[in-house]
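**Q** So that we are looking at the same thing, I have put the structure below in structure tokens.
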Amino acid sequence: MSKFDKASRSELRAIAEKSKWFHAIDFGDFASSGRFPKGEPQNITLFGAMDLLGSIDLKGCRVLDIGSADGLASFGMKELGAREVVSIDSYDVPTYRIARKLLNVETDYRPNVQIKDAVSELGWKQFDVILCAGVIYHMLNPMSAFIECRKLLKDNGLLIMESPVGAKLKDPVLALNTELDDFMPEPSTYWIPSKSAMTGMMKLMGFDVCATRYLKAPTRLTVLGRAAPPAEIRDRNALLQQVHEIDFCDFEFRWSELAKHAGASDVSYEVDEFHRDITAAGESPAFPFQPQPREDAVGSTRWASAGGNFLQK
């Protein structure tokens, strides 16, 4: 039990007013301040994920939110009907617990858990849907996110992966941010994938790409993939087919090891468009607890939006 569980709503609001927030969350009678300027659309890097989550029937699903921060996506997916939502983050974020209490939403919060530890913490093929938004570019080895999500996801389950992408990058590459002049001046951003690298990593690790959403400012890509047997992955070239047929020579992931673990999902989805460009200006998705632009949001943020979303001292 956290120290916030016994606090009254007025006490929680007073705490929220003194807290530093990553997500703007609508609590009904007030909202928290997000990392974008007041009066502007908030949580815009999640707009693609919000759009795709609206196409998934979450009822009865066990869902994992990787990099949950203040928990907006976790709470929204629970409100959309998920049977269980597990939230993991590399840090223990107090505002997650404050928001959960204010919203009176039941979730399983597992702080201090990174992707590399998620399988040992949670088990193989445990989830119907996984959301991994705003995470891979902070990882020294971003490919491992796709690997571990494939292990965690039930067969036929759905992965939503979101990241900034390089608009000028045409080849399927991961660009090393520390050696670039025109990308993110952020000390916690190590890699910038191209759009084709995002979808390519999905296919390599056994996901059939079902839909993409592209945000132009800031430049972000959200990809929906279904955990599928290799033969069901569309747009495989001859080399990728060979890779899947002979299995991986890096033992970090093996199809033969994946097959040892049972677990299949019947989650359903229906996307109206395979690809869509999303504009942040003047929009606010119809997603639970997503606030409309407002000037009276409480609290502050340690997160800079002008250059991205890195943590300021």
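Identifiers in this document derive from the order of the structure tokens: chains are assigned A, B, ..., residues are numbered from 1 separately in each chain, and ligands are numbered from 1 in order of occurrence.
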Restrict the calculation to only C-alpha atoms, then for each residue of stretch 138-191 of chain A with any atom at most 12 Å from an atom of stretch 57-68 of chain A give the closest atom pair and their distance in Å to one decimal, rows by chain and rising residue number, as CSV.
**A**
residue,atom,partner,partner_atom,distance
A:His138,CA,A:Gly67,CA,10.6
A:Met139,CA,A:Gly67,CA,11.6
A:Ala145,CA,A:Ile66,CA,9.6
A:Phe146,CA,A:Ile66,CA,11.8
A:Glu148,CA,A:Ile66,CA,11.1
A:Cys149,CA,A:Ile66,CA,9.5
A:Leu152,CA,A:Leu64,CA,9.0
A:Leu153,CA,A:Leu64,CA,9.1
A:Lys154,CA,A:Arg62,CA,10.0
A:Gly157,CA,A:Cys61,CA,9.7
A:Leu158,CA,A:Val63,CA,9.6
A:Leu159,CA,A:Leu64,CA,9.6
A:Ile160,CA,A:Asp65,CA,9.8
A:Met161,CA,A:Ile66,CA,9.8
A:Glu162,CA,A:Ile66,CA,10.9
**Q** Extract the full set of alpha helix (DSSP H) residues from stretch 28-249 of chain A according to DSSP on the backbone, and format it as a ChimeraX atom specification.
**A** /A:47-53,72-79,94-103,115-122,143-152,195-204,238-246
**Q** Would you list the contacts of A:Gln241 as JSON, numbers by chain, taking every protein, DNA or RNA residue within 12 Å and counting only C-alpha atoms, but skipping same-chain residues closer than 2 positions in sequence?
**A** {"A": [203, 204, 205, 206, 229, 230, 231, 232, 233, 234, 235, 236, 237, 238, 239, 243, 244, 245, 246, 247, 248]}
**Q** Pick out the residues sitting within 9 Å of A:Pro218, and hand them over as a PyMOL selection string; count only C-alpha atoms, and ignore anything fewer than 6 positions along from it in its own chain.
**A** chain A and resi 44-45+164+280+308
**Q** Residues as selected, C-alpha atoms, written as a PDB file, in the first residue's frame, can you do that?
**A**
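Listed below is the output, result02.pdb:
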ATOM      1  CA  ILE A  44       0.966  14.434 -28.425  1.00  0.00           C
ATOM      2  CA  THR A  45       3.613  11.714 -28.732  1.00  0.00           C
ATOM      3  CA  PRO A 164      10.801   9.398 -32.803  1.00  0.00           C
ATOM      4  CA  ALA A 280      -1.017  17.410 -33.293  1.00  0.00           C
ATOM      5  CA  GLY A 308      12.117  16.708 -26.947  1.00  0.00           C
TER       6      GLY A 308
END
**Q** How many Å separate atom CA of A:Leu174 from atom CA of A:Ile192?
**A**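 Between these atoms lies a distance of 5.6 Å.
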**Q** Determine the nearest neighbour of A:Ala14 from the options A:Phe207, A:Phe251, A:Phe30, A:Tyr91, counting only C-alpha atoms.
**A**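 With only C-alpha atoms as the atom set, the closest residue is A:Phe30.
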**Q** Can you pull out the residues contacting A:Phe183? Cut-off 9 Å, using only C-alpha atoms, and skip same-chain residues under 4 positions away; I want them as a list in words.
**A**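 My list of contacting residues is Gly166, Asn177, Thr178 and Ile192 of chain A.
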**Q** Once DSSP has gone over the backbone, tell me which residues of stretch 148-214 of chain A are in strand (DSSP E or B), as a PyMOL selection string.
**A** chain A and resi 153-164+174-176+191-193+207-214
**Q** Near A:Tyr269, within 10 Å and counting only C-alpha atoms, which residues show up once chain neighbours fewer than 3 positions away are dropped, as number ranges by chain?
**A** A: 52-58, 158, 210, 266, 272
**Q** Quick one: which stretch 236-300 of chain A residues come within 12 Å of stretch 93-117 of chain A, and what is the nearest atom pair for each with the distance in Å to one decimal, counting only C-alpha atoms, rows ordered by chain and ascending number, as CSV?
**A**
residue,atom,partner,partner_atom,distance
A:Glu252,CA,A:Lys116,CA,11.0
A:Pro288,CA,A:Leu103,CA,10.7
A:Phe289,CA,A:Leu103,CA,8.8
A:Gly299,CA,A:Thr95,CA,10.5
A:Ser300,CA,A:Thr95,CA,11.6
**Q** Let me see the file: selected residues, N, CA and C atoms, as a JSON list (two decimals), in the first residue's frame.
**A**
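Saved to again_21.json:
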[["chain", "number", "residue", "atom", "x", "y", "z"],
["A", 252, "GLU", "N", 20.01, -15.00, -28.27],
["A", 252, "GLU", "CA", 19.13, -14.15, -27.46],
["A", 252, "GLU", "C", 17.67, -14.39, -27.83],
["A", 288, "PRO", "N", -9.57, 7.86, -23.01],
["A", 288, "PRO", "CA", -9.88, 8.11, -21.61],
["A", 288, "PRO", "C", -8.81, 8.89, -20.88],
["A", 289, "PHE", "N", -9.24, 9.91, -20.15],
["A", 289, "PHE", "CA", -8.39, 10.74, -19.29],
["A", 289, "PHE", "C", -7.45, 11.66, -20.06],
["A", 299, "GLY", "N", 0.29, 21.66, -11.02],
["A", 299, "GLY", "CA", 1.60, 21.04, -11.00],
["A", 299, "GLY", "C", 2.53, 21.67, -12.02],
["A", 300, "SER", "N", 3.69, 21.08, -12.15],
["A", 300, "SER", "CA", 4.70, 21.56, -13.08],
["A", 300, "SER", "C", 5.37, 20.36, -13.73]]
**Q** Under the rule that only C-alpha atoms are counted, which of A:Arg254, A:Lys151, A:Arg13, A:Lys38 is the nearest residue to A:Lys125?
**A**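 For A:Lys125, the nearest of the candidates is A:Lys151.
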